[in-house]
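Colleague: Got a structure for you, entry16.csv, holding CSV, C-alpha atoms.
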```csv
chain,number,residue,atom,x,y,z
Y,1,MET,CA,0.6,19.6,1.9
Y,2,SER,CA,0.0,15.9,2.2
Y,3,LYS,CA,-3.3,14.6,3.7
Y,4,VAL,CA,-4.2,11.4,5.6
Y,5,TYR,CA,-7.5,10.1,4.3
Y,6,ARG,CA,-10.0,8.0,6.3
Y,7,PHE,CA,-12.7,6.0,4.6
Y,8,ASP,CA,-15.1,3.3,5.4
Y,9,PRO,CA,-13.3,-0.1,5.4
Y,10,GLN,CA,-14.3,-1.1,1.9
Y,11,ASP,CA,-13.3,2.2,0.3
Y,12,PHE,CA,-10.1,2.3,2.4
Y,13,LYS,CA,-9.0,-1.1,1.0
Y,14,LYS,CA,-8.8,0.7,-2.4
Y,15,ILE,CA,-6.1,2.9,-0.9
Y,16,ASN,CA,-4.5,0.1,1.3
Y,17,PRO,CA,-5.5,-3.5,0.3
Y,18,MET,CA,-4.6,-4.7,3.8
Y,19,GLY,CA,-7.2,-2.3,5.2
Y,20,THR,CA,-4.8,-1.1,7.9
Y,21,VAL,CA,-3.8,2.4,8.9
Y,22,PRO,CA,-2.0,4.5,8.2
Y,23,ALA,CA,-2.1,5.5,4.5
Y,24,LEU,CA,-0.7,8.6,3.0
Y,25,VAL,CA,-2.0,9.9,-0.3
Y,26,ASP,CA,0.2,12.7,-1.7
Y,27,GLY,CA,-0.9,13.4,-5.3
Y,28,ASP,CA,-0.2,10.2,-7.2
Y,29,VAL,CA,1.9,8.7,-4.4
Y,30,VAL,CA,0.2,6.2,-2.0
Y,31,ILE,CA,2.2,4.9,0.9
Y,32,ASN,CA,0.8,2.3,3.4
Y,33,ASP,CA,3.4,2.0,6.1
Y,34,SER,CA,4.3,4.2,9.1
Y,35,PHE,CA,8.0,4.0,8.6
Y,36,ALA,CA,7.8,4.6,4.9
Y,37,ILE,CA,5.4,7.5,5.4
Y,38,ILE,CA,7.7,9.1,8.0
Y,39,MET,CA,10.8,8.7,5.8
Y,40,TYR,CA,8.9,10.0,2.7
Y,41,LEU,CA,7.8,13.1,4.6
Y,42,ASP,CA,11.3,13.6,6.0
Y,43,ASP,CA,12.7,13.5,2.5
Y,44,LYS,CA,10.0,15.8,1.2
Y,45,TYR,CA,10.3,18.2,4.2
Y,46,PRO,CA,13.9,17.9,5.5
Y,47,GLU,CA,13.7,20.6,8.1
Y,48,PRO,CA,13.8,19.9,10.9
Y,49,PRO,CA,15.7,16.7,10.3
Y,50,LEU,CA,14.4,13.4,11.8
Y,51,LEU,CA,17.8,12.0,12.3
Y,52,PRO,CA,20.7,13.6,14.2
Y,53,SER,CA,24.0,14.3,12.4
Y,54,ASP,CA,25.9,12.2,15.0
Y,55,LEU,CA,26.3,8.7,13.4
Y,56,HIS,CA,26.1,6.9,16.8
Y,57,LYS,CA,22.8,8.7,17.7
Y,58,ARG,CA,21.5,8.1,14.2
Y,59,ALA,CA,22.1,4.4,14.6
Y,60,VAL,CA,20.4,4.4,18.0
Y,61,ASN,CA,17.4,6.1,16.4
Y,62,TYR,CA,17.2,3.3,13.9
Y,63,GLN,CA,17.7,0.6,16.5
Y,64,ALA,CA,15.0,2.0,18.8
Y,65,THR,CA,12.6,2.4,15.9
Y,66,SER,CA,13.3,-1.2,14.9
Y,67,ILE,CA,12.6,-2.5,18.5
Y,68,VAL,CA,9.3,-0.8,18.4
Y,69,MET,CA,8.4,-1.8,14.9
Y,70,SER,CA,9.3,-5.4,15.1
Y,71,GLY,CA,9.5,-6.3,18.8
Y,72,ILE,CA,6.6,-4.5,20.4
Y,73,GLN,CA,3.9,-3.0,18.1
Y,74,PRO,CA,3.1,-6.0,15.9
Y,75,HIS,CA,2.5,-8.1,19.0
Y,76,GLN,CA,0.0,-5.8,20.5
Y,77,ASN,CA,-2.1,-4.5,17.6
Y,78,MET,CA,-5.9,-4.8,17.5
Y,79,ALA,CA,-6.0,-7.6,14.9
Y,80,LEU,CA,-3.8,-9.8,17.0
Y,81,PHE,CA,-5.9,-8.9,20.1
Y,82,ARG,CA,-9.1,-9.9,18.4
Y,83,TYR,CA,-7.5,-13.2,17.4
Y,84,LEU,CA,-6.1,-13.9,20.9
Y,85,GLU,CA,-9.5,-13.2,22.4
Y,86,GLU,CA,-10.9,-16.1,20.4
Y,87,LYS,CA,-8.1,-18.4,21.6
Y,88,ILE,CA,-7.2,-17.5,25.2
Y,89,ASN,CA,-8.8,-15.9,28.2
Y,90,ALA,CA,-8.4,-12.3,29.3
Y,91,GLU,CA,-5.8,-13.1,31.9
Y,92,GLU,CA,-3.6,-14.9,29.4
Y,93,LYS,CA,-4.0,-12.1,26.9
Y,94,THR,CA,-2.9,-9.5,29.6
Y,95,ALA,CA,0.1,-11.7,30.4
Y,96,TRP,CA,1.0,-11.9,26.7
Y,97,ILE,CA,0.9,-8.1,26.2
Y,98,THR,CA,2.7,-7.4,29.4
Y,99,ASN,CA,5.5,-9.8,28.4
Y,100,VAL,CA,5.8,-8.2,25.0
Y,101,ILE,CA,5.9,-4.7,26.2
Y,102,THR,CA,8.2,-5.3,29.2
Y,103,LYS,CA,10.7,-7.2,27.0
Y,104,GLY,CA,10.8,-4.4,24.5
Y,105,PHE,CA,10.9,-1.7,27.1
Y,106,THR,CA,13.8,-3.4,28.9
Y,107,ALA,CA,15.7,-3.4,25.6
Y,108,LEU,CA,14.8,0.3,24.9
Y,109,GLU,CA,15.7,1.4,28.5
Y,110,ASN,CA,19.1,-0.3,28.2
Y,111,LEU,CA,19.7,1.2,24.7
Y,112,LEU,CA,18.7,4.8,25.4
Y,113,VAL,CA,19.8,5.4,29.0
Y,114,SER,CA,23.3,6.5,28.0
Y,115,CYS,CA,22.4,8.8,25.2
Y,116,ALA,CA,19.0,10.3,26.3
Y,117,GLY,CA,18.3,13.9,26.9
Y,118,LYS,CA,14.9,15.3,27.2
Y,119,TYR,CA,14.0,12.9,24.3
Y,120,ALA,CA,15.4,9.6,23.1
Y,121,THR,CA,18.8,10.7,21.8
Y,122,GLY,CA,19.1,14.3,23.0
Y,123,ASP,CA,17.1,17.4,23.4
Y,124,GLU,CA,15.5,17.4,20.0
Y,125,VAL,CA,12.7,15.1,18.7
Y,126,TYR,CA,14.0,12.6,16.2
Y,127,LEU,CA,12.8,9.4,14.5
Y,128,ALA,CA,12.9,7.2,17.6
Y,129,ASP,CA,10.6,9.6,19.5
Y,130,LEU,CA,8.0,9.3,16.8
Y,131,PHE,CA,7.8,5.5,17.4
Y,132,LEU,CA,8.4,5.6,21.2
Y,133,ALA,CA,5.7,8.2,22.0
Y,134,PRO,CA,2.7,6.1,21.0
Y,135,GLN,CA,4.1,2.9,22.5
Y,136,ILE,CA,4.8,4.5,25.9
Y,137,HIS,CA,1.4,6.3,25.8
Y,138,ALA,CA,-0.3,2.9,25.2
Y,139,ALA,CA,1.7,1.3,28.0
Y,140,PHE,CA,0.6,4.0,30.5
Y,141,ASN,CA,-3.0,4.4,29.3
Y,142,ARG,CA,-4.1,1.3,27.6
Y,143,PHE,CA,-2.2,-1.5,29.3
Y,144,GLN,CA,-1.3,0.0,32.7
Y,145,ILE,CA,2.3,-1.2,32.5
Y,146,ASN,CA,4.3,-0.5,35.6
Y,147,MET,CA,6.9,2.1,34.4
Y,148,GLU,CA,9.0,2.1,37.5
Y,149,PRO,CA,11.6,-0.2,35.9
Y,150,TYR,CA,11.8,2.2,32.9
Y,151,PRO,CA,12.6,5.6,34.3
Y,152,THR,CA,14.2,6.8,31.1
Y,153,LEU,CA,11.1,5.9,29.1
Y,154,ALA,CA,8.8,7.4,31.8
Y,155,LYS,CA,10.8,10.7,31.5
Y,156,PHE,CA,10.3,10.7,27.7
Y,157,HIS,CA,6.6,10.2,28.3
Y,158,GLU,CA,6.5,13.4,30.4
Y,159,SER,CA,8.5,15.3,27.8
Y,160,TYR,CA,6.2,14.1,24.9
Y,161,ASN,CA,3.1,15.2,26.9
Y,162,GLU,CA,4.5,18.7,26.9
Y,163,LEU,CA,4.5,18.9,23.1
Y,164,PRO,CA,1.2,20.0,21.5
Y,165,ALA,CA,1.9,17.9,18.4
Y,166,PHE,CA,2.2,14.8,20.5
Y,167,GLN,CA,-0.8,15.7,22.6
Y,168,ASN,CA,-2.9,16.1,19.4
Y,169,ALA,CA,-1.7,12.8,18.0
Y,170,VAL,CA,-2.8,10.5,20.8
Y,171,PRO,CA,-5.6,8.1,19.9
Y,172,GLU,CA,-8.0,9.5,22.3
Y,173,ASN,CA,-7.8,12.8,20.4
Y,174,GLN,CA,-8.7,11.3,17.0
Y,175,PRO,CA,-12.3,11.7,16.0
Y,176,ASP,CA,-12.6,8.2,14.6
Y,177,THR,CA,-10.9,6.3,17.5
Y,178,PRO,CA,-13.1,3.4,18.6
Y,179,SER,CA,-14.2,3.6,22.2
Y,180,THR,CA,-12.5,0.3,23.0
Y,181,ILE,CA,-8.8,0.9,22.0
```
The structure in this file should be written as structure tokens.
Modeller:
Amino acid sequence: MSKVYRFDPQDFKKINPMGTVPALVDGDVVINDSFAIIMYLDDKYPEPPLLPSDLHKRAVNYQATSIVMSGIQPHQNMALFRYLEEKINAEEKTAWITNVITKGFTALENLLVSCAGKYATGDEVYLADLFLAPQIHAAFNRFQINMEPYPTLAKFHESYNELPAFQNAVPENQPDTPSTI
């Protein structure tokens, strides 16, 4: 089975020169990107599949994943927050993140409302859910985003919270999570 290793920052840079998480070490294979790790693990362990067989729902999974990966997450990570704290005040920082998340959530709500089930594209967890769950969790718990305009995403949040794997994965349940996430 693959393992996720955590090291002190200098040792970790030997695994990932950017010094960012995640990193997967699987024998001689080292992968330093969430999407690449997920796809690698899906190829290595294809059951259950991370993509539905329906081509439209498969495309929606890719699209939702892309919205999170390029439209939301990079604009609200800790490195950017630290940089913003040096340049702008707390109120401007809050406005920045609220704008980024609400813009992305509006796109996701519109994309997913017509094909959602219990999860993003039906009643099974697929790729999009793996990217949506942490973003929605952060919106609720870290950024206190009003989820009223996003009932579909709020419903997913409730469904994700019922799954032990998702509960175990939240930052608050990680032993090395900083107290100020």
Colleague: Pick out the residues sitting within 12 Å of Asn99 in chain Y, and hand them over as an NGL selection string; count all atoms listed in the file, and ignore anything fewer than 5 positions along from it in its own chain.
Modeller: :Y and (71-72 or 75-76 or 92-94 or 104-106 or 139 or 143 or 145-146)
Colleague: I need the chosen residues saved as a compact mmCIF listing (two decimals), in the coordinates of the input, with C-alpha atoms.
Modeller:
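Once written, out00.txt looks like this:
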```txt
# COMPACT_ATOMS: atom_id res chain seq x y z
CA GLY Y 71 9.50 -6.30 18.80
CA ILE Y 72 6.60 -4.50 20.40
CA HIS Y 75 2.50 -8.10 19.00
CA GLN Y 76 0.00 -5.80 20.50
CA GLU Y 92 -3.60 -14.90 29.40
CA LYS Y 93 -4.00 -12.10 26.90
CA THR Y 94 -2.90 -9.50 29.60
CA GLY Y 104 10.80 -4.40 24.50
CA PHE Y 105 10.90 -1.70 27.10
CA THR Y 106 13.80 -3.40 28.90
CA ALA Y 139 1.70 1.30 28.00
CA PHE Y 143 -2.20 -1.50 29.30
CA ILE Y 145 2.30 -1.20 32.50
CA ASN Y 146 4.30 -0.50 35.60
```
Colleague: Considering all atoms listed in the file, return as a PyMOL selection string whatever protein or nucleic-acid residues lie within 10 Å of Asn77 in chain Y, sequence-local ones (same chain, fewer than 4 positions apart) excluded.
Modeller: chain Y and resi 72-73+81-82+97+181
Colleague: Would you give me, as a tab-separated table, each residue of range 85-142 of chain Y having an atom within 12 Å of an atom of range 19-43 of chain Y, along with its shortest atom pair and that distance in Å to one decimal, using all atoms listed in the file and sorting by chain and residue number?
Modeller:
```
residue	atom	partner	partner_atom	distance
Y:Tyr126	CA	Y:Asp42	CA	10.6
Y:Leu127	CA	Y:Ile38	CA	8.3
Y:Ala128	CA	Y:Phe35	CA	10.7
Y:Asp129	CA	Y:Ile38	CA	11.9
Y:Leu130	CA	Y:Ile38	CA	8.8
Y:Phe131	CA	Y:Phe35	CA	8.9
```
Colleague: How many Å separate CA of Thr98 in chain Y from CA of Gln144 in chain Y?
Modeller: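 CA of Gln144 in chain Y lies 9.0 Å from CA of Thr98 in chain Y.
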Colleague: Taking only C-alpha atoms into account, which of Y:Pro171, Y:Pro151, Y:Glu109, Y:Thr121 comes nearest His137 in chain Y?
Modeller: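 Comparing Y:Pro171, Y:Pro151, Y:Glu109, Y:Thr121 against His137 in chain Y, the winner is Y:Pro171.
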Colleague: State, in Å with one decimal place, the distance from CA of Glu148 in chain Y to CA of Val60 in chain Y.
Modeller: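 CA of Val60 in chain Y lies at a distance of 22.7 Å from CA of Glu148 in chain Y.
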Colleague: What separation in Å, quoted to one decimal, exists between CA of Ala107 in chain Y and CA of Gly122 in chain Y?
Modeller: 18.2 Å
Colleague: Which one of Y:Leu108, Y:Ala133, Y:Ile67, Y:Leu80 sits closest to Glu162 in chain Y if you count only C-alpha atoms?
Modeller: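 Comparing Y:Leu108, Y:Ala133, Y:Ile67, Y:Leu80 against Glu162 in chain Y, the winner is Y:Ala133.
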Colleague: For Gln63 in chain Y, which residue among Y:Leu132, Y:Ile88, Y:Ala79, Y:Val125 is the nearest when counting only C-alpha atoms?
Modeller: Y:Leu132
Colleague: Could you tell me which of Y:Glu124, Y:Lys87, Y:Phe140, Y:Asn110 comes closest to Leu51 in chain Y if we count only C-alpha atoms?
Modeller: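 When distances to Leu51 in chain Y are compared using only C-alpha atoms, the smallest one comes from Y:Glu124.
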Colleague: Give me the residues near Glu158 in chain Y as a ChimeraX atom specification, where near means some atom within 10 Å (using only C-alpha atoms) and where sequence neighbours in that chain fewer than 2 positions away do not count.
Modeller: /Y:118-119,133,137,153-156,160-163
Colleague: Would you output that residue set with C-alpha atoms, as a compact mmCIF listing (two decimals), in the coordinates of the input?
Modeller:
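That gives us part05.txt:
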```txt
# COMPACT_ATOMS: atom_id res chain seq x y z
CA LYS Y 118 14.90 15.30 27.20
CA TYR Y 119 14.00 12.90 24.30
CA ALA Y 133 5.70 8.20 22.00
CA HIS Y 137 1.40 6.30 25.80
CA LEU Y 153 11.10 5.90 29.10
CA ALA Y 154 8.80 7.40 31.80
CA LYS Y 155 10.80 10.70 31.50
CA PHE Y 156 10.30 10.70 27.70
CA TYR Y 160 6.20 14.10 24.90
CA ASN Y 161 3.10 15.20 26.90
CA GLU Y 162 4.50 18.70 26.90
CA LEU Y 163 4.50 18.90 23.10
```
Colleague: Could you please fill out range 26-55 of chain Y with N, CA and C atoms and send it back as a PDB file, keeping the file's coordinate frame?
Modeller:
```pdb
ATOM      1  N   ASP Y  26      -0.433  11.384  -1.417  1.00  0.00           N
ATOM      2  CA  ASP Y  26       0.200  12.700  -1.700  1.00  0.00           C
ATOM      3  C   ASP Y  26       0.253  12.755  -3.259  1.00  0.00           C
ATOM      4  N   GLY Y  27      -0.789  13.332  -3.834  1.00  0.00           N
ATOM      5  CA  GLY Y  27      -0.900  13.400  -5.300  1.00  0.00           C
ATOM      6  C   GLY Y  27      -1.080  11.953  -5.803  1.00  0.00           C
ATOM      7  N   ASP Y  28      -0.173  11.511  -6.663  1.00  0.00           N
ATOM      8  CA  ASP Y  28      -0.200  10.200  -7.200  1.00  0.00           C
ATOM      9  C   ASP Y  28       0.487   9.135  -6.330  1.00  0.00           C
ATOM     10  N   VAL Y  29       1.118   9.589  -5.290  1.00  0.00           N
ATOM     11  CA  VAL Y  29       1.900   8.700  -4.400  1.00  0.00           C
ATOM     12  C   VAL Y  29       0.981   8.199  -3.285  1.00  0.00           C
ATOM     13  N   VAL Y  30       0.954   6.869  -3.105  1.00  0.00           N
ATOM     14  CA  VAL Y  30       0.200   6.200  -2.000  1.00  0.00           C
ATOM     15  C   VAL Y  30       1.200   5.394  -1.225  1.00  0.00           C
ATOM     16  N   ILE Y  31       1.264   5.637   0.086  1.00  0.00           N
ATOM     17  CA  ILE Y  31       2.200   4.900   0.900  1.00  0.00           C
ATOM     18  C   ILE Y  31       1.397   4.347   2.114  1.00  0.00           C
ATOM     19  N   ASN Y  32       1.620   3.057   2.421  1.00  0.00           N
ATOM     20  CA  ASN Y  32       0.800   2.300   3.400  1.00  0.00           C
ATOM     21  C   ASN Y  32       1.611   1.770   4.567  1.00  0.00           C
ATOM     22  N   ASP Y  33       2.575   2.482   5.055  1.00  0.00           N
ATOM     23  CA  ASP Y  33       3.400   2.000   6.100  1.00  0.00           C
ATOM     24  C   ASP Y  33       3.930   3.152   6.944  1.00  0.00           C
ATOM     25  N   SER Y  34       3.847   3.076   8.268  1.00  0.00           N
ATOM     26  CA  SER Y  34       4.300   4.200   9.100  1.00  0.00           C
ATOM     27  C   SER Y  34       5.698   4.623   8.845  1.00  0.00           C
ATOM     28  N   PHE Y  35       6.620   3.671   8.839  1.00  0.00           N
ATOM     29  CA  PHE Y  35       8.000   4.000   8.600  1.00  0.00           C
ATOM     30  C   PHE Y  35       8.241   4.632   7.268  1.00  0.00           C
ATOM     31  N   ALA Y  36       7.649   4.044   6.243  1.00  0.00           N
ATOM     32  CA  ALA Y  36       7.800   4.600   4.900  1.00  0.00           C
ATOM     33  C   ALA Y  36       7.205   5.971   4.782  1.00  0.00           C
ATOM     34  N   ILE Y  37       6.061   6.198   5.411  1.00  0.00           N
ATOM     35  CA  ILE Y  37       5.400   7.500   5.400  1.00  0.00           C
ATOM     36  C   ILE Y  37       6.336   8.541   6.074  1.00  0.00           C
ATOM     37  N   ILE Y  38       6.853   8.188   7.232  1.00  0.00           N
ATOM     38  CA  ILE Y  38       7.700   9.100   8.000  1.00  0.00           C
ATOM     39  C   ILE Y  38       8.963   9.451   7.171  1.00  0.00           C
ATOM     40  N   MET Y  39       9.580   8.451   6.575  1.00  0.00           N
ATOM     41  CA  MET Y  39      10.800   8.700   5.800  1.00  0.00           C
ATOM     42  C   MET Y  39      10.489   9.508   4.538  1.00  0.00           C
ATOM     43  N   TYR Y  40       9.377   9.225   3.892  1.00  0.00           N
ATOM     44  CA  TYR Y  40       8.900  10.000   2.700  1.00  0.00           C
ATOM     45  C   TYR Y  40       8.772  11.464   3.099  1.00  0.00           C
ATOM     46  N   LEU Y  41       8.045  11.707   4.204  1.00  0.00           N
ATOM     47  CA  LEU Y  41       7.800  13.100   4.600  1.00  0.00           C
ATOM     48  C   LEU Y  41       9.121  13.766   5.058  1.00  0.00           C
ATOM     49  N   ASP Y  42      10.046  13.009   5.654  1.00  0.00           N
ATOM     50  CA  ASP Y  42      11.300  13.600   6.000  1.00  0.00           C
ATOM     51  C   ASP Y  42      12.119  13.975   4.773  1.00  0.00           C
ATOM     52  N   ASP Y  43      12.051  13.157   3.736  1.00  0.00           N
ATOM     53  CA  ASP Y  43      12.700  13.500   2.500  1.00  0.00           C
ATOM     54  C   ASP Y  43      12.065  14.713   1.815  1.00  0.00           C
ATOM     55  N   LYS Y  44      10.752  14.756   1.878  1.00  0.00           N
ATOM     56  CA  LYS Y  44      10.000  15.800   1.200  1.00  0.00           C
ATOM     57  C   LYS Y  44      10.151  17.156   2.010  1.00  0.00           C
ATOM     58  N   TYR Y  45      10.159  17.055   3.326  1.00  0.00           N
ATOM     59  CA  TYR Y  45      10.300  18.200   4.200  1.00  0.00           C
ATOM     60  C   TYR Y  45      11.439  18.004   5.158  1.00  0.00           C
ATOM     61  N   PRO Y  46      12.674  18.241   4.697  1.00  0.00           N
ATOM     62  CA  PRO Y  46      13.900  17.900   5.500  1.00  0.00           C
ATOM     63  C   PRO Y  46      14.150  18.716   6.719  1.00  0.00           C
ATOM     64  N   GLU Y  47      13.430  19.787   6.903  1.00  0.00           N
ATOM     65  CA  GLU Y  47      13.700  20.600   8.100  1.00  0.00           C
ATOM     66  C   GLU Y  47      12.426  20.613   8.968  1.00  0.00           C
ATOM     67  N   PRO Y  48      12.555  20.369  10.217  1.00  0.00           N
ATOM     68  CA  PRO Y  48      13.800  19.900  10.900  1.00  0.00           C
ATOM     69  C   PRO Y  48      14.054  18.461  10.586  1.00  0.00           C
ATOM     70  N   PRO Y  49      15.314  18.069  10.652  1.00  0.00           N
ATOM     71  CA  PRO Y  49      15.700  16.700  10.300  1.00  0.00           C
ATOM     72  C   PRO Y  49      15.155  15.686  11.343  1.00  0.00           C
ATOM     73  N   LEU Y  50      14.822  14.504  10.866  1.00  0.00           N
ATOM     74  CA  LEU Y  50      14.400  13.400  11.800  1.00  0.00           C
ATOM     75  C   LEU Y  50      15.472  12.559  12.282  1.00  0.00           C
ATOM     76  N   LEU Y  51      16.672  12.800  11.824  1.00  0.00           N
ATOM     77  CA  LEU Y  51      17.800  12.000  12.300  1.00  0.00           C
ATOM     78  C   LEU Y  51      18.933  12.998  12.704  1.00  0.00           C
ATOM     79  N   PRO Y  52      19.600  12.719  13.816  1.00  0.00           N
ATOM     80  CA  PRO Y  52      20.700  13.600  14.200  1.00  0.00           C
ATOM     81  C   PRO Y  52      21.901  13.403  13.270  1.00  0.00           C
ATOM     82  N   SER Y  53      22.790  14.366  13.258  1.00  0.00           N
ATOM     83  CA  SER Y  53      24.000  14.300  12.400  1.00  0.00           C
ATOM     84  C   SER Y  53      25.000  13.288  12.985  1.00  0.00           C
ATOM     85  N   ASP Y  54      25.016  13.131  14.300  1.00  0.00           N
ATOM     86  CA  ASP Y  54      25.900  12.200  15.000  1.00  0.00           C
ATOM     87  C   ASP Y  54      25.601  10.763  14.544  1.00  0.00           C
ATOM     88  N   LEU Y  55      26.580  10.062  13.980  1.00  0.00           N
ATOM     89  CA  LEU Y  55      26.300   8.700  13.400  1.00  0.00           C
ATOM     90  C   LEU Y  55      25.880   7.720  14.493  1.00  0.00           C
TER      91      LEU Y  55
END
```
